[in-house]
Amino acid sequence: MARERLYLFDTTLRDGAQTNGVDFTLADKLAIARMLDELGVDYVEAGYPGANPIDTSFFAERRPLRARLTAFGMTRRPGRSASNDPGLAALLAAEADAICFVAKSSAYHVRVALETSEEENLRSIHDSVGAAKAAGREVLVDCEHFFDGYKGDAAYALACARAAYEEGARWVVLCDTNGGTLPHEVERIVGKLCAEISGDHVGIHAHNDTEQAVANTLAAVRAGARQIQGTLNGLGERCGNANLVSIIPTLKLKSEYADRFDIGVSDDALAQIARISHALDDLLNRAANRNAPYVGESAFATKTGIHASAILKEPATYEHVAPERVGNKRKLLVSDQSGRSNLFAELERIGLALDKDDPRLSRLLEEVKEREAIGYAYEAADASFELLARRLLGKVPRYFDVEKFDVNVEQRIDARGERVTVSMAVVKVKVDDEELISAAEGNGPVNALDLALRKDLGKYQSYIAGLELTDYRVRILNGGTEAVTRVLIESADEGGEHWTTVGVSANIIDASFQALMDSIVYKLVRSGAPT
Ligand SMILES: [Zn+2]
């Protein structure tokens, strides 16, 4: 049976840009558009030309993309003609393949928000689609508040969708703008619309306010919709948009969808999706969601010893899909709960395979348990675990010694009369017989220490030049009579590799120092730095 085509429409650069704390530069937008192209989405909605300088300049020139580049904007304003609406003019002037209009489709919103008549809103949809078609663009119409509108006045919501379709819109997109609709409602309402407008002209745009944007999207596909709108990592206002990073693997790997539909994402591109998801987090300077389905660090992680031994025999026992299909990897957590199977498998994965009866295996397990009892967390700190194992096997060279360090924090009144706090660190390092002293200022003591430590490592400097700290997490643990601090540091390098290290101490600077040192030494080990 011939498979039907499902189209993917990405709105990370438009709806995703509404995320609290996200501010894309033009360079960010171009980089993300390239990632989306690499993934194989069909449409990239890049912004709202005329609404802000970045979006205007994005659309000022032709951007070479495989995906259809889409500009977003409003239908003509009530009471104006299409030829006399500056917003619409900016949209038509944009260098884009397609134009996506947002149109009201709820009678309530037409009355309260737009303050115009139902007829005028229909004419506005009609005129705007007509103008964009005349300009040679493919047209999409996002029917805003479609589901809520349908529940209030089904006939009017359908009339808006029909107006767009009859004027020649390629896609009529049904939006759950407030994100409150549930999957069974989406399925029923999309089904009603698809009885009037063929589903291969119907799209779904779901928001995640009841954490069902992905479920709502799949419900719409079941009911007949053939375009899916969403964002990378579910970025978006409030609770986000439908997450394409979860939807794409589901469409490709679950037979209910994979047997019926084709999408533009190849198997090879699917195997890059974890990397692309993390690359977006890096670009936004955010820590990746460890529990993200398919791509999260924990998505294929197992902590229980019994599960682990079953997974080693037959991965399908505890995995719903093979992690490598989405570019992720199986991880058997090494922790005080873990048995020898996890440890054995983890050592094998990092290339330190030991014989099952090797006494060093028991010693390492003991060591892990002892250290976790005082606060270390190796399941979260893969690189520190690897170093612990390597040290036990005598496989970590002594690259350098930190002979001493000194960190101070000073608060003073600056020249402008403002109170400022500055930190300064001095580090004395010995590399071979060479003593190196570095000092650095930072916005906090750990930052200063990190900068000083990495400022001059002599012959090793070139190996750590691409090292970057991407996340820093502190937790106070209340064990026994005194509190201890656990620091987890996530680092990345120029090759896009990520690793996490841990330090534990009653003193936060000392805990941070341990984690920083592990990160640097790990990088040297991985780079094959000579001793
Ligand atoms: Zn939206």
# chains A, B, ... in the order shown; residues from 1 in each chain; ligands from 1
>>> residues_near_ligand(ligand="ligand 1", cutoff="12 Å", atoms="only C-alpha atoms and all ligand atoms", output="compact mmCIF listing (two decimals) with C-alpha atoms, in the first residue's frame")
# COMPACT_ATOMS: atom_id res chain seq x y z
CA ASP A 10 8.74 23.90 12.23
CA THR A 11 8.00 27.10 14.09
CA THR A 12 10.96 27.18 16.50
CA LEU A 13 12.08 30.49 15.03
CA ARG A 14 8.64 32.10 15.40
CA ASP A 15 6.50 30.47 18.11
CA GLY A 16 9.58 29.00 19.79
CA ALA A 17 11.06 32.49 19.94
CA GLN A 18 8.23 33.39 22.35
CA THR A 19 9.80 31.16 25.02
CA GLU A 45 8.76 29.36 9.69
CA PHE A 72 4.37 34.68 9.34
CA VAL A 102 -2.75 33.93 11.53
CA ASP A 142 -3.32 29.33 11.06
CA CYS A 143 -6.86 29.32 12.42
CA GLU A 144 -6.23 30.75 15.85
CA HIS A 145 -8.35 29.42 18.76
CA PHE A 146 -9.96 26.98 16.34
CA VAL A 173 -4.00 24.84 10.18
CA LEU A 174 -6.09 24.22 13.26
CA CYS A 175 -4.58 25.85 16.32
CA ASP A 176 -5.11 24.94 19.93
CA THR A 177 -3.82 28.37 20.85
CA ASN A 178 -4.52 28.18 24.60
CA GLY A 179 -3.40 24.57 24.76
CA ILE A 204 -2.44 20.85 13.46
CA HIS A 205 -0.74 23.38 15.75
CA ALA A 206 -0.87 22.26 19.38
CA HIS A 207 0.35 23.88 22.57
CA ASN A 208 1.40 21.95 25.62
CA ASP A 209 -0.62 23.45 28.46
CA ALA A 213 0.62 18.71 22.65
CA GLN A 229 3.42 22.12 13.30
CA GLY A 230 5.80 22.08 16.22
CA THR A 231 9.15 23.22 17.57
CA GLY A 234 9.05 21.86 22.43
CA LEU A 235 10.16 25.47 22.78
CA GLY A 236 7.33 27.95 22.97
CA GLU A 237 5.38 30.33 25.10
CA ARG A 238 4.10 29.16 28.51
CA CYS A 239 4.42 25.35 28.49
CA GLY A 240 5.67 25.22 24.92
CA ASN A 241 4.55 23.86 21.55
CA ALA A 242 4.26 20.30 20.31
>>> residues_around(residues="Phe344 in chain A", least_positions_apart="2", cutoff="9 Å", atoms="only C-alpha atoms", output="list of chain:residue names")
A:Gly339, A:Arg340, A:Ser341, A:Asn342, A:Glu346, A:Leu347, A:Glu348, A:Arg349, A:Ala353, A:Leu354, A:Asp355, A:Lys356, A:Leu361
>>> atom_distance(atom1="CA of Gly79 in chain A", atom2="CA of Glu120 in chain A")
7.8 Å
>>> select_by_dssp(residues="range 16-92 of chain A", states="helix (DSSP H, G or I)", output="ChimeraX atom specification")
/A:16-18,26-39,53-58,82-84,86-92
>>> select_by_dssp(residues="range 282-524 of chain A", states="strand (DSSP E)", output="number ranges by chain")
A: 301-302, 331-332, 401-413, 419-431, 434-442, 468-479, 482-492, 498-505
>>> residues_around(residues="Trp499 in chain A", least_positions_apart="6", cutoff="8 Å", atoms="only C-alpha atoms", output="PyMOL selection string")
chain A and resi 381-383+490-492+519
>>> closest_residue(among="A:Glu185, A:Glu119, A:Asp55, A:Glu166", to="Glu95 in chain A", atoms="only C-alpha atoms")
A:Asp55
>>> residues_around(residues="Asp262 in chain A", least_positions_apart="6", cutoff="12 Å", atoms="only C-alpha atoms", output="VMD selection string")
chain A and resid 2 to 8 40 to 42 226 to 227 248 251 to 253 255 to 256
>>> residues_around(residues="Ala131 in chain A", least_positions_apart="4", cutoff="10 Å", atoms="only C-alpha atoms", output="list in words")
Arg76, Ala82, Ser83, Leu88, Ala89, Leu92, His126, Asp127, Ala135, Gly136, Arg137 and Val139 of chain A
>>> residues_around(residues="Ser105 in chain A", least_positions_apart="2", cutoff="8 Å", atoms="only C-alpha atoms", output="tab-separated table (two decimals) with all heavy atoms, in the first residue's frame")
chain	number	residue	atom	x	y	z
A	103	ALA	N	-5.17	33.86	11.51
A	103	ALA	CA	-6.49	34.44	11.34
A	103	ALA	C	-7.37	34.03	12.51
A	103	ALA	O	-7.23	32.93	13.05
A	103	ALA	CB	-7.11	33.92	10.04
A	107	ALA	N	-15.65	33.04	16.96
A	107	ALA	CA	-16.59	34.17	16.93
A	107	ALA	C	-16.38	35.07	18.15
A	107	ALA	O	-16.43	36.30	18.06
A	107	ALA	CB	-18.02	33.65	16.89
A	109	HIS	N	-13.56	35.63	19.80
A	109	HIS	CA	-12.38	36.47	19.62
A	109	HIS	C	-12.61	37.57	18.58
A	109	HIS	O	-12.07	38.67	18.70
A	109	HIS	CB	-11.17	35.63	19.22
A	109	HIS	CG	-10.51	35.01	20.41
A	109	HIS	ND1	-9.49	35.63	21.09
A	109	HIS	CD2	-10.76	33.85	21.06
A	109	HIS	CE1	-9.12	34.86	22.11
A	109	HIS	NE2	-9.89	33.77	22.11
A	110	VAL	N	-13.38	37.25	17.56
A	110	VAL	CA	-13.67	38.27	16.54
A	110	VAL	C	-14.38	39.45	17.21
A	110	VAL	O	-14.03	40.61	17.00
A	110	VAL	CB	-14.55	37.67	15.41
A	110	VAL	CG1	-15.09	38.77	14.49
A	110	VAL	CG2	-13.74	36.66	14.60
A	143	CYS	N	-5.58	28.92	11.84
A	143	CYS	CA	-6.86	29.32	12.42
A	143	CYS	C	-6.71	29.36	13.94
A	143	CYS	O	-6.76	28.33	14.61
A	143	CYS	CB	-7.95	28.32	12.02
A	143	CYS	SG	-8.31	28.36	10.27
A	144	GLU	N	-6.50	30.56	14.43
A	144	GLU	CA	-6.23	30.75	15.85
A	144	GLU	C	-7.46	30.38	16.69
A	144	GLU	O	-8.58	30.68	16.28
A	144	GLU	CB	-5.86	32.23	16.06
A	144	GLU	CG	-5.16	32.52	17.34
A	144	GLU	CD	-5.02	34.03	17.56
A	144	GLU	OE1	-5.90	34.81	17.16
A	144	GLU	OE2	-4.01	34.43	18.13
A	145	HIS	N	-7.24	29.79	17.86
A	145	HIS	CA	-8.35	29.42	18.76
A	145	HIS	C	-9.41	28.57	18.05
A	145	HIS	O	-10.58	28.67	18.36
A	145	HIS	CB	-9.03	30.67	19.35
A	145	HIS	CG	-8.12	31.49	20.19
A	145	HIS	ND1	-7.67	31.09	21.42
A	145	HIS	CD2	-7.56	32.71	19.99
A	145	HIS	CE1	-6.88	32.02	21.94
A	145	HIS	NE2	-6.79	33.01	21.09
A	146	PHE	N	-8.97	27.73	17.11
A	146	PHE	CA	-9.96	26.98	16.34
A	146	PHE	C	-10.78	26.05	17.23
A	146	PHE	O	-12.00	25.98	17.14
A	146	PHE	CB	-9.29	26.17	15.22
A	146	PHE	CG	-10.29	25.42	14.38
A	146	PHE	CD1	-10.93	26.05	13.33
A	146	PHE	CD2	-10.63	24.10	14.66
A	146	PHE	CE1	-11.89	25.38	12.56
A	146	PHE	CE2	-11.58	23.42	13.91
A	146	PHE	CZ	-12.21	24.07	12.86
A	149	GLY	N	-12.95	27.96	19.59
A	149	GLY	CA	-13.98	28.60	18.77
A	149	GLY	C	-15.03	27.60	18.33
A	149	GLY	O	-16.23	27.88	18.34
A	156	TYR	N	-19.23	28.92	12.79
A	156	TYR	CA	-18.35	30.03	12.41
A	156	TYR	C	-16.90	29.56	12.25
A	156	TYR	O	-16.20	29.95	11.31
A	156	TYR	CB	-18.44	31.19	13.42
A	156	TYR	CG	-17.68	32.39	12.89
A	156	TYR	CD1	-18.15	33.08	11.77
A	156	TYR	CD2	-16.46	32.77	13.45
A	156	TYR	CE1	-17.44	34.16	11.23
A	156	TYR	CE2	-15.74	33.84	12.92
A	156	TYR	CZ	-16.24	34.53	11.81
A	156	TYR	OH	-15.53	35.57	11.27
A	157	ALA	N	-16.45	28.68	13.18
A	157	ALA	CA	-15.08	28.17	13.07
A	157	ALA	C	-14.90	27.46	11.72
A	157	ALA	O	-13.89	27.67	11.02
A	157	ALA	CB	-14.78	27.21	14.22
A	158	LEU	N	-15.88	26.66	11.34
A	158	LEU	CA	-15.80	25.95	10.06
A	158	LEU	C	-15.84	26.93	8.89
A	158	LEU	O	-15.13	26.74	7.89
A	158	LEU	CB	-16.95	24.93	9.94
A	158	LEU	CG	-16.86	23.72	10.89
A	158	LEU	CD1	-18.12	22.87	10.79
A	158	LEU	CD2	-15.63	22.87	10.58
A	160	CYS	N	-14.64	29.92	8.81
A	160	CYS	CA	-13.31	30.55	8.66
A	160	CYS	C	-12.36	29.59	7.93
A	160	CYS	O	-11.62	29.99	7.02
A	160	CYS	CB	-12.73	30.91	10.02
A	160	CYS	SG	-13.67	32.20	10.86
A	161	ALA	N	-12.36	28.32	8.35
A	161	ALA	CA	-11.49	27.34	7.70
A	161	ALA	C	-11.85	27.21	6.22
A	161	ALA	O	-10.96	27.18	5.35
A	161	ALA	CB	-11.63	25.98	8.40
>>> decode(residues="range 400-416 of chain A", atoms="all heavy atoms", output="PDB file, in the first residue's frame")
ATOM      1  N   PHE A 400      49.733  17.035  35.533  1.00  0.00           N
ATOM      2  CA  PHE A 400      50.207  18.252  36.204  1.00  0.00           C
ATOM      3  C   PHE A 400      49.755  18.214  37.660  1.00  0.00           C
ATOM      4  O   PHE A 400      48.870  17.437  38.023  1.00  0.00           O
ATOM      5  CB  PHE A 400      49.669  19.503  35.497  1.00  0.00           C
ATOM      6  CG  PHE A 400      48.169  19.630  35.541  1.00  0.00           C
ATOM      7  CD1 PHE A 400      47.540  20.335  36.556  1.00  0.00           C
ATOM      8  CD2 PHE A 400      47.379  19.027  34.559  1.00  0.00           C
ATOM      9  CE1 PHE A 400      46.161  20.442  36.601  1.00  0.00           C
ATOM     10  CE2 PHE A 400      45.994  19.132  34.591  1.00  0.00           C
ATOM     11  CZ  PHE A 400      45.381  19.843  35.626  1.00  0.00           C
ATOM     12  N   ASP A 401      50.397  19.027  38.484  1.00  0.00           N
ATOM     13  CA  ASP A 401      49.973  19.151  39.877  1.00  0.00           C
ATOM     14  C   ASP A 401      49.555  20.582  40.152  1.00  0.00           C
ATOM     15  O   ASP A 401      50.224  21.512  39.704  1.00  0.00           O
ATOM     16  CB  ASP A 401      51.141  18.831  40.818  1.00  0.00           C
ATOM     17  CG  ASP A 401      51.483  17.355  40.768  1.00  0.00           C
ATOM     18  OD1 ASP A 401      50.562  16.550  40.960  1.00  0.00           O
ATOM     19  OD2 ASP A 401      52.664  17.027  40.505  1.00  0.00           O
ATOM     20  N   VAL A 402      48.490  20.721  40.888  1.00  0.00           N
ATOM     21  CA  VAL A 402      48.157  22.065  41.367  1.00  0.00           C
ATOM     22  C   VAL A 402      48.792  22.167  42.750  1.00  0.00           C
ATOM     23  O   VAL A 402      48.371  21.497  43.686  1.00  0.00           O
ATOM     24  CB  VAL A 402      46.629  22.265  41.444  1.00  0.00           C
ATOM     25  CG1 VAL A 402      46.322  23.624  42.048  1.00  0.00           C
ATOM     26  CG2 VAL A 402      46.020  22.156  40.045  1.00  0.00           C
ATOM     27  N   GLU A 403      49.847  22.971  42.847  1.00  0.00           N
ATOM     28  CA  GLU A 403      50.559  23.042  44.121  1.00  0.00           C
ATOM     29  C   GLU A 403      49.770  23.820  45.153  1.00  0.00           C
ATOM     30  O   GLU A 403      49.747  23.472  46.315  1.00  0.00           O
ATOM     31  CB  GLU A 403      51.938  23.652  43.907  1.00  0.00           C
ATOM     32  CG  GLU A 403      52.754  22.791  42.945  1.00  0.00           C
ATOM     33  CD  GLU A 403      54.229  22.913  43.181  1.00  0.00           C
ATOM     34  OE1 GLU A 403      54.701  24.072  43.251  1.00  0.00           O
ATOM     35  OE2 GLU A 403      54.890  21.866  43.300  1.00  0.00           O
ATOM     36  N   LYS A 404      49.128  24.910  44.711  1.00  0.00           N
ATOM     37  CA  LYS A 404      48.225  25.622  45.616  1.00  0.00           C
ATOM     38  C   LYS A 404      47.324  26.547  44.838  1.00  0.00           C
ATOM     39  O   LYS A 404      47.613  26.907  43.692  1.00  0.00           O
ATOM     40  CB  LYS A 404      49.002  26.388  46.686  1.00  0.00           C
ATOM     41  CG  LYS A 404      49.917  27.470  46.141  1.00  0.00           C
ATOM     42  CD  LYS A 404      50.653  28.166  47.276  1.00  0.00           C
ATOM     43  CE  LYS A 404      50.085  29.555  47.512  1.00  0.00           C
ATOM     44  NZ  LYS A 404      50.812  30.322  48.532  1.00  0.00           N
ATOM     45  N   PHE A 405      46.231  26.893  45.437  1.00  0.00           N
ATOM     46  CA  PHE A 405      45.415  27.951  44.852  1.00  0.00           C
ATOM     47  C   PHE A 405      44.853  28.821  45.954  1.00  0.00           C
ATOM     48  O   PHE A 405      44.802  28.427  47.117  1.00  0.00           O
ATOM     49  CB  PHE A 405      44.309  27.388  43.954  1.00  0.00           C
ATOM     50  CG  PHE A 405      43.181  26.687  44.666  1.00  0.00           C
ATOM     51  CD1 PHE A 405      42.166  27.408  45.294  1.00  0.00           C
ATOM     52  CD2 PHE A 405      43.116  25.292  44.684  1.00  0.00           C
ATOM     53  CE1 PHE A 405      41.117  26.748  45.934  1.00  0.00           C
ATOM     54  CE2 PHE A 405      42.072  24.632  45.327  1.00  0.00           C
ATOM     55  CZ  PHE A 405      41.071  25.377  45.952  1.00  0.00           C
ATOM     56  N   ASP A 406      44.489  30.006  45.558  1.00  0.00           N
ATOM     57  CA  ASP A 406      43.987  30.981  46.512  1.00  0.00           C
ATOM     58  C   ASP A 406      42.846  31.729  45.831  1.00  0.00           C
ATOM     59  O   ASP A 406      42.982  32.177  44.702  1.00  0.00           O
ATOM     60  CB  ASP A 406      45.142  31.946  46.847  1.00  0.00           C
ATOM     61  CG  ASP A 406      44.701  33.041  47.790  1.00  0.00           C
ATOM     62  OD1 ASP A 406      43.900  32.761  48.694  1.00  0.00           O
ATOM     63  OD2 ASP A 406      45.150  34.186  47.602  1.00  0.00           O
ATOM     64  N   VAL A 407      41.715  31.777  46.497  1.00  0.00           N
ATOM     65  CA  VAL A 407      40.571  32.480  45.907  1.00  0.00           C
ATOM     66  C   VAL A 407      40.082  33.489  46.923  1.00  0.00           C
ATOM     67  O   VAL A 407      39.953  33.168  48.104  1.00  0.00           O
ATOM     68  CB  VAL A 407      39.413  31.495  45.613  1.00  0.00           C
ATOM     69  CG1 VAL A 407      38.247  32.232  44.965  1.00  0.00           C
ATOM     70  CG2 VAL A 407      39.874  30.375  44.713  1.00  0.00           C
ATOM     71  N   ASN A 408      39.870  34.705  46.484  1.00  0.00           N
ATOM     72  CA  ASN A 408      39.249  35.633  47.430  1.00  0.00           C
ATOM     73  C   ASN A 408      38.098  36.392  46.814  1.00  0.00           C
ATOM     74  O   ASN A 408      37.976  36.525  45.603  1.00  0.00           O
ATOM     75  CB  ASN A 408      40.280  36.573  48.051  1.00  0.00           C
ATOM     76  CG  ASN A 408      40.833  37.534  47.047  1.00  0.00           C
ATOM     77  OD1 ASN A 408      40.086  38.286  46.426  1.00  0.00           O
ATOM     78  ND2 ASN A 408      42.145  37.511  46.865  1.00  0.00           N
ATOM     79  N   VAL A 409      37.235  36.841  47.685  1.00  0.00           N
ATOM     80  CA  VAL A 409      36.041  37.571  47.275  1.00  0.00           C
ATOM     81  C   VAL A 409      36.111  38.921  47.966  1.00  0.00           C
ATOM     82  O   VAL A 409      36.334  38.992  49.164  1.00  0.00           O
ATOM     83  CB  VAL A 409      34.773  36.818  47.729  1.00  0.00           C
ATOM     84  CG1 VAL A 409      33.530  37.592  47.317  1.00  0.00           C
ATOM     85  CG2 VAL A 409      34.743  35.420  47.150  1.00  0.00           C
ATOM     86  N   GLU A 410      35.975  39.959  47.180  1.00  0.00           N
ATOM     87  CA  GLU A 410      36.089  41.284  47.783  1.00  0.00           C
ATOM     88  C   GLU A 410      34.878  42.122  47.402  1.00  0.00           C
ATOM     89  O   GLU A 410      34.485  42.154  46.249  1.00  0.00           O
ATOM     90  CB  GLU A 410      37.362  41.946  47.252  1.00  0.00           C
ATOM     91  CG  GLU A 410      37.626  43.304  47.843  1.00  0.00           C
ATOM     92  CD  GLU A 410      38.843  43.960  47.195  1.00  0.00           C
ATOM     93  OE1 GLU A 410      39.962  43.458  47.409  1.00  0.00           O
ATOM     94  OE2 GLU A 410      38.647  44.942  46.462  1.00  0.00           O
ATOM     95  N   GLN A 411      34.311  42.766  48.406  1.00  0.00           N
ATOM     96  CA  GLN A 411      33.246  43.705  48.090  1.00  0.00           C
ATOM     97  C   GLN A 411      33.760  45.088  48.391  1.00  0.00           C
ATOM     98  O   GLN A 411      34.368  45.337  49.423  1.00  0.00           O
ATOM     99  CB  GLN A 411      32.018  43.398  48.950  1.00  0.00           C
ATOM    100  CG  GLN A 411      30.796  44.070  48.377  1.00  0.00           C
ATOM    101  CD  GLN A 411      29.583  43.895  49.255  1.00  0.00           C
ATOM    102  OE1 GLN A 411      29.501  44.478  50.323  1.00  0.00           O
ATOM    103  NE2 GLN A 411      28.642  43.087  48.803  1.00  0.00           N
ATOM    104  N   ARG A 412      33.544  45.996  47.437  1.00  0.00           N
ATOM    105  CA  ARG A 412      34.019  47.368  47.655  1.00  0.00           C
ATOM    106  C   ARG A 412      33.149  48.349  46.894  1.00  0.00           C
ATOM    107  O   ARG A 412      32.274  47.955  46.126  1.00  0.00           O
ATOM    108  CB  ARG A 412      35.476  47.501  47.229  1.00  0.00           C
ATOM    109  CG  ARG A 412      35.758  47.065  45.806  1.00  0.00           C
ATOM    110  CD  ARG A 412      37.218  47.339  45.460  1.00  0.00           C
ATOM    111  NE  ARG A 412      37.754  46.385  44.497  1.00  0.00           N
ATOM    112  CZ  ARG A 412      37.577  46.445  43.176  1.00  0.00           C
ATOM    113  NH1 ARG A 412      36.844  47.386  42.634  1.00  0.00           N
ATOM    114  NH2 ARG A 412      38.115  45.537  42.392  1.00  0.00           N
ATOM    115  N   ILE A 413      33.404  49.630  47.127  1.00  0.00           N
ATOM    116  CA  ILE A 413      32.673  50.672  46.416  1.00  0.00           C
ATOM    117  C   ILE A 413      33.536  51.095  45.233  1.00  0.00           C
ATOM    118  O   ILE A 413      34.705  51.418  45.397  1.00  0.00           O
ATOM    119  CB  ILE A 413      32.435  51.899  47.330  1.00  0.00           C
ATOM    120  CG1 ILE A 413      31.828  51.472  48.676  1.00  0.00           C
ATOM    121  CG2 ILE A 413      31.586  52.949  46.627  1.00  0.00           C
ATOM    122  CD1 ILE A 413      30.403  51.005  48.639  1.00  0.00           C
ATOM    123  N   ASP A 414      32.979  51.043  44.036  1.00  0.00           N
ATOM    124  CA  ASP A 414      33.807  51.382  42.867  1.00  0.00           C
ATOM    125  C   ASP A 414      33.811  52.890  42.603  1.00  0.00           C
ATOM    126  O   ASP A 414      33.245  53.668  43.364  1.00  0.00           O
ATOM    127  CB  ASP A 414      33.352  50.576  41.644  1.00  0.00           C
ATOM    128  CG  ASP A 414      32.022  51.053  41.073  1.00  0.00           C
ATOM    129  OD1 ASP A 414      31.457  52.055  41.578  1.00  0.00           O
ATOM    130  OD2 ASP A 414      31.542  50.413  40.121  1.00  0.00           O
ATOM    131  N   ALA A 415      34.476  53.275  41.520  1.00  0.00           N
ATOM    132  CA  ALA A 415      34.679  54.692  41.227  1.00  0.00           C
ATOM    133  C   ALA A 415      33.360  55.439  41.041  1.00  0.00           C
ATOM    134  O   ALA A 415      33.282  56.647  41.287  1.00  0.00           O
ATOM    135  CB  ALA A 415      35.539  54.834  39.973  1.00  0.00           C
ATOM    136  N   ARG A 416      32.330  54.719  40.637  1.00  0.00           N
ATOM    137  CA  ARG A 416      31.042  55.385  40.438  1.00  0.00           C
ATOM    138  C   ARG A 416      30.179  55.371  41.699  1.00  0.00           C
ATOM    139  O   ARG A 416      29.011  55.742  41.679  1.00  0.00           O
ATOM    140  CB  ARG A 416      30.276  54.696  39.287  1.00  0.00           C
ATOM    141  CG  ARG A 416      30.808  55.092  37.930  1.00  0.00           C
ATOM    142  CD  ARG A 416      30.021  54.426  36.843  1.00  0.00           C
ATOM    143  NE  ARG A 416      30.040  52.968  37.019  1.00  0.00           N
ATOM    144  CZ  ARG A 416      29.497  52.113  36.176  1.00  0.00           C
ATOM    145  NH1 ARG A 416      28.855  52.553  35.130  1.00  0.00           N
ATOM    146  NH2 ARG A 416      29.572  50.814  36.383  1.00  0.00           N
TER     147      ARG A 416
END
